[in-house]
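Trainee: Just passing along the structure, written as structure tokens.
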Amino acid sequence: MAYRWRSRELTVPVTMVAVLTVSGCGALGGPWAPSSGGASSAPPRPSVTSAAASLVKEGWFGPTGPLHARVEMRGVERLADRSVLRFTVTSLEDEARHTGNSFGTAAGDFGSYRIPLVDPVGGKVYHPLTDQVGTLGSKPGYYEPGVRYETVVYYPPIPADVRTVTAITAGTAGEFTGVPVVDGTGSGGAMSPTADPGGPVSPTAAPGSTVSPTAAPGSTVSPTAASGSTPQPGTTVSWPVREPAGQVTSSVQDLYGITESAEKTTIASGGDETVGLRTDVLFAFDSERLTAQARAVLDDVAKETREKADPARPPVLIEGHTDGKGTHAYNMALSLRRAQAVRRELQARLGGAYRFRTTGKGETEPVAREGGTDDEEARARNRRVEVSYRVKQPTGGSTASETAGTRADEPTTSGGRPAPFHADDGETVAGRTSAGRPSGQRLRIDVKPFYRDGAYLVAVFDIVNLGPGNLGAGTGYGEDIAYIGGWYTGFSVVDPASRTVYRAVRMGPDDPRGPDDYVDPGWATFNVEPGTGNRGFFYVPAPPPGVTSVTFDAGPFGRFDHVPVR
């Protein structure tokens, strides 16, 4: 989840959010990290609290100098023109700490709360409203130890049939599933504190009033209430809310699931789909002549295209790609001839209802990094023909869930129920040490049970630094797979029966200008010292409902069979 500034999303007039001036409450948290008592080879398990209607975790947040904090998600309030996430943050540090970019991963957006909200049934992600400064919502400052800071972040309106979302935090706490979405009151103006879905919010002290530094635990004070005063442990502080500056940007994106088989790779969302056909299966070597096996493969592609592609929204785009061998001119010509061969076969099967467009890309858009340890496999992945189209949408203005007579948080043919809040990852089901890192660095992965969240499967694990040195702050696990932007895109989940490979879920369409965003923590290495660990997770498309265990391909750590799905 490596954020980039997005300039091509829908913009809304600044007057729409100019009066977003209310503080709120909620909470953030995460699992575990190094204790103040020093490093050990076996870090303690996450300290996580779960009570009725309490979504609380403890963890370390931020890519550099992470903040140790307890976070509680209170809920999302749905208004006519926006949605409001409310949570609280309690610092577990020994001294006052500024957040820096502890709760956001966008460079230059320090101190903001870039927390995506995922609808795991509808396949959407809602990003915070932003302006030219950063995220709209609370404006944090220094976190005093033991003080509970009420925080709000503003989002685009969430549809009325969505009752829970998953909040993705940039820290070892990771995902907060089962965050309730409730209907609020008002539209565009300051919000009543009593509209908080988690309960009433105590009023903040009036600016300029005197607040005792020894306020009773549980009371709510304004951080600017008294010049020079310091809130004491046990008190509650409501951060001020920043006024928007300039144009406000609203971003709602489709989630894209990536699945792979021996014949093809499919990247699909609710809006469009791309099927990448492996040319080693389709064509004779160094030729556009189709193989005998290609006929059956193209029969399946034509059937799927007829079922899914919308002929009213042309074209069906067919792109040819090669590996990096050969000259650029030769690769461009070969890739175009292969794309044209696939177009002729699909036209013969689909008739005249669809319009096609073909192009050859040569070696210019690889999906795997060539020249590494798996060079042959990487080149084979890059040799492909991609068929892309827009997906048919429900008619009559209804959503897919409405057409099926279900709510967005109930199981559908494409996805199960959204997960409830997961307070505990469960016991380790498998583990292994890898010593293949540079300079003899040793890491251990502890695999936890995986679980379903709507249409997705959540892979969960801890990675422990066994030394001898510190990890680089940017250590990730993308390997040679060119799904650039995700921190665990070199990992995957395999259905052992069908041998289908499920890869990390992407936020939005592929961006050729730079790395993409994936449903993961936005960073992989929060704690760097030997003896400390980092909880990791990433979302993949869920295998069929009957699958109760999977194989986990953990890149440099190897493969783990029989990982339970709960």
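We name chains A, B, ... following the order of the structure tokens; residues begin at 1 in each chain, and ligands are numbered from 1 as shown.
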Any idea what's packed within 6 Å of segment 490-503 of chain A, counting only C-alpha atoms, ignoring anything in its chain fewer than 2 positions away? Could you give it as a list in words?
Mentor: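 My list of contacting residues is Ile258, Thr259, Glu260, Ser261, Tyr477, Gly478, Glu479, Ile481, Tyr488, Val540, Val550, Thr551, Phe552, Asp553, Ala554 and Gly555 of chain A.
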Trainee: Could you turn the residues from that selection into a file that holds C-alpha atoms, as a PDB file, in the first residue's frame?
Mentor:
ATOM      1  CA  ILE A 258      -4.990 -11.467  -9.505  1.00  0.00           C
ATOM      2  CA  THR A 259      -5.171 -15.218 -10.216  1.00  0.00           C
ATOM      3  CA  GLU A 260      -2.768 -17.383 -12.201  1.00  0.00           C
ATOM      4  CA  SER A 261      -2.913 -20.804 -13.825  1.00  0.00           C
ATOM      5  CA  TYR A 477       9.200  -9.175  -0.122  1.00  0.00           C
ATOM      6  CA  GLY A 478       8.292  -8.278  -3.691  1.00  0.00           C
ATOM      7  CA  GLU A 479      10.984 -10.590  -5.117  1.00  0.00           C
ATOM      8  CA  ILE A 481       7.483 -10.417  -9.585  1.00  0.00           C
ATOM      9  CA  TYR A 488       4.414  -8.936  -0.179  1.00  0.00           C
ATOM     10  CA  VAL A 540      -5.766 -12.283  -2.131  1.00  0.00           C
ATOM     11  CA  VAL A 550      -4.192 -23.762   1.177  1.00  0.00           C
ATOM     12  CA  THR A 551      -0.510 -23.742   0.295  1.00  0.00           C
ATOM     13  CA  PHE A 552       1.353 -20.578   1.222  1.00  0.00           C
ATOM     14  CA  ASP A 553       4.272 -19.665  -1.053  1.00  0.00           C
ATOM     15  CA  ALA A 554       6.330 -17.338   1.141  1.00  0.00           C
ATOM     16  CA  GLY A 555       9.055 -16.494  -1.372  1.00  0.00           C
TER      17      GLY A 555
END
Trainee: Could you list, as a PyMOL selection string, every residue within 7 Å of Val528 of chain A, counting only C-alpha atoms and ignoring same-chain residues fewer than 5 positions away?
Mentor: chain A and resi 470-473
Trainee: Measuring atom to atom with only C-alpha atoms, identify which of A:Glu175, A:Asp94, A:Glu363, A:Asp131 is nearest to Pro244 of chain A.
Mentor: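 Closest candidate: A:Asp131.
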Trainee: Any idea what's packed within 6 Å of Val153 of chain A, counting only C-alpha atoms, ignoring anything in its chain fewer than 3 positions away? Could you give it as a PyMOL selection string?
Mentor: chain A and resi 84-85+137
Trainee: Keeping only N, CA, C and O atoms, write those residues as a compact mmCIF listing (two decimals), in the first residue's frame.
Mentor:
# COMPACT_ATOMS: atom_id res chain seq x y z
N VAL A 84 -17.38 9.55 7.94
CA VAL A 84 -16.44 9.96 8.98
C VAL A 84 -15.97 8.74 9.76
O VAL A 84 -16.78 8.07 10.39
N LEU A 85 -14.68 8.44 9.68
CA LEU A 85 -14.09 7.39 10.51
C LEU A 85 -13.68 7.99 11.84
O LEU A 85 -12.99 9.01 11.88
N GLY A 137 -9.23 15.86 8.00
CA GLY A 137 -9.66 15.30 9.28
C GLY A 137 -8.85 15.91 10.39
O GLY A 137 -8.44 17.08 10.32
Trainee: Rank nothing, just name the residue among A:Phe87, A:Trp487, A:Asp81, A:Phe537 nearest to Asp462 of chain A, using only C-alpha atoms.
Mentor: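 Distance minimum relative to Asp462 of chain A lands on A:Phe537.
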Trainee: Given the choices A:Pro157, A:Gly324, A:Pro231, A:Pro120, which gets closest to Ala80 of chain A if the distance is worked out from only C-alpha atoms?
Mentor: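 Going through A:Pro157, A:Gly324, A:Pro231, A:Pro120 one by one, the smallest distance to Ala80 of chain A is for A:Pro157.
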Trainee: Just to confirm, what's the straight-line distance from atom CA of Ile168 of chain A to atom CA of Ile115 of chain A in Å (one decimal)?
Mentor: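 These two atoms are separated by 5.5 Å.
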Trainee: Taking 4 positions as the minimum chain separation for residues in the same chain, which residues sit within 10 Å of segment 330-336 of chain A when counting only C-alpha atoms? Answer as number ranges by chain.
Mentor: A: 279, 286-288, 318-326, 340-341, 358-364, 383-385
Trainee: Neighbouring residues of Leu457 of chain A were defined as those with any atom within 8 Å, considering only C-alpha atoms; residues of the same chain fewer than 2 positions away were excluded. Please report them as an MDAnalysis selection string.
Mentor: chainID A and resid 450:455 459 539:543
Trainee: May I have the selected residues written with N, CA and C atoms, as a PDB file, in the first residue's frame?
Mentor:
ATOM      1  N   PHE A 450      -5.071 -18.514   8.064  1.00  0.00           N
ATOM      2  CA  PHE A 450      -5.637 -17.500   7.193  1.00  0.00           C
ATOM      3  C   PHE A 450      -7.143 -17.428   7.443  1.00  0.00           C
ATOM      4  N   TYR A 451      -7.773 -16.327   7.020  1.00  0.00           N
ATOM      5  CA  TYR A 451      -9.219 -16.209   7.212  1.00  0.00           C
ATOM      6  C   TYR A 451      -9.838 -15.443   6.055  1.00  0.00           C
ATOM      7  N   ARG A 452     -11.137 -15.618   5.893  1.00  0.00           N
ATOM      8  CA  ARG A 452     -11.875 -14.967   4.808  1.00  0.00           C
ATOM      9  C   ARG A 452     -12.470 -13.648   5.281  1.00  0.00           C
ATOM     10  N   ASP A 453     -12.414 -12.668   4.392  1.00  0.00           N
ATOM     11  CA  ASP A 453     -13.067 -11.371   4.618  1.00  0.00           C
ATOM     12  C   ASP A 453     -13.809 -11.023   3.339  1.00  0.00           C
ATOM     13  N   GLY A 454     -15.101 -11.352   3.291  1.00  0.00           N
ATOM     14  CA  GLY A 454     -15.891 -11.117   2.095  1.00  0.00           C
ATOM     15  C   GLY A 454     -15.385 -11.963   0.938  1.00  0.00           C
ATOM     16  N   ALA A 455     -15.074 -11.314  -0.174  1.00  0.00           N
ATOM     17  CA  ALA A 455     -14.619 -12.008  -1.382  1.00  0.00           C
ATOM     18  C   ALA A 455     -13.125 -12.274  -1.362  1.00  0.00           C
ATOM     19  N   ALA A 459      -4.025 -13.438   4.277  1.00  0.00           N
ATOM     20  CA  ALA A 459      -2.839 -14.200   4.681  1.00  0.00           C
ATOM     21  C   ALA A 459      -2.149 -13.442   5.810  1.00  0.00           C
ATOM     22  N   TYR A 539      -4.069  -9.278   1.265  1.00  0.00           N
ATOM     23  CA  TYR A 539      -5.325  -9.843   0.766  1.00  0.00           C
ATOM     24  C   TYR A 539      -5.084 -10.491  -0.587  1.00  0.00           C
ATOM     25  N   VAL A 540      -5.728 -11.643  -0.822  1.00  0.00           N
ATOM     26  CA  VAL A 540      -5.766 -12.283  -2.131  1.00  0.00           C
ATOM     27  C   VAL A 540      -7.219 -12.615  -2.440  1.00  0.00           C
ATOM     28  N   PRO A 541      -7.573 -12.862  -3.701  1.00  0.00           N
ATOM     29  CA  PRO A 541      -8.932 -13.337  -3.994  1.00  0.00           C
ATOM     30  C   PRO A 541      -9.193 -14.643  -3.236  1.00  0.00           C
ATOM     31  N   ALA A 542     -10.387 -14.788  -2.708  1.00  0.00           N
ATOM     32  CA  ALA A 542     -10.703 -15.988  -1.929  1.00  0.00           C
ATOM     33  C   ALA A 542     -10.871 -17.184  -2.849  1.00  0.00           C
ATOM     34  N   PRO A 543     -10.321 -18.345  -2.472  1.00  0.00           N
ATOM     35  CA  PRO A 543     -10.596 -19.572  -3.218  1.00  0.00           C
ATOM     36  C   PRO A 543     -12.047 -19.995  -3.011  1.00  0.00           C
TER      37      PRO A 543
END
Trainee: What does the structure give for the distance between atom CA of Ala294 of chain A and atom CA of Arg313 of chain A, in Å to one decimal?
Mentor: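 So the two atoms, atom CA of Ala294 of chain A and atom CA of Arg313 of chain A, lie 27.0 Å apart.
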Trainee: Measure the distance from atom CA of Pro394 of chain A to atom CA of Arg349 of chain A in Å and round it to one decimal.
Mentor: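 These atoms are spaced 24.7 Å apart.
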Trainee: Run DSSP on the backbone and grab whatever in segment 320-454 of chain A lands in helix (DSSP H, G or I); send it over as an NGL selection string.
Mentor: :A and (328-350 or 375-382 or 400-403 or 438-440)
Trainee: As a PyMOL selection string, please: the residues near Pro180 of chain A (cut-off 8 Å, only C-alpha atoms, same-chain neighbours under 2 positions excluded).
Mentor: chain A and resi 74-76+163-165+178+182
Trainee: Of the candidates A:Arg278, A:Val316, A:Gly123, A:Asp446, which shows the shortest atom-to-atom distance to Glu377 of chain A, using only C-alpha atoms?
Mentor: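 Among the listed residues, the smallest separation from Glu377 of chain A belongs to A:Arg278.
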Trainee: Using only C-alpha atoms, which residue out of A:Ser549, A:Asn382, A:Ser91, A:Gln293 lies closest to Glu365 of chain A?
Mentor: A:Asn382
Trainee: Using only C-alpha atoms, which of A:Ser54, A:Thr64, A:Thr236, A:Thr373 sits nearest Phe526 of chain A?
Mentor: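 Nearest to Phe526 of chain A: A:Thr64.
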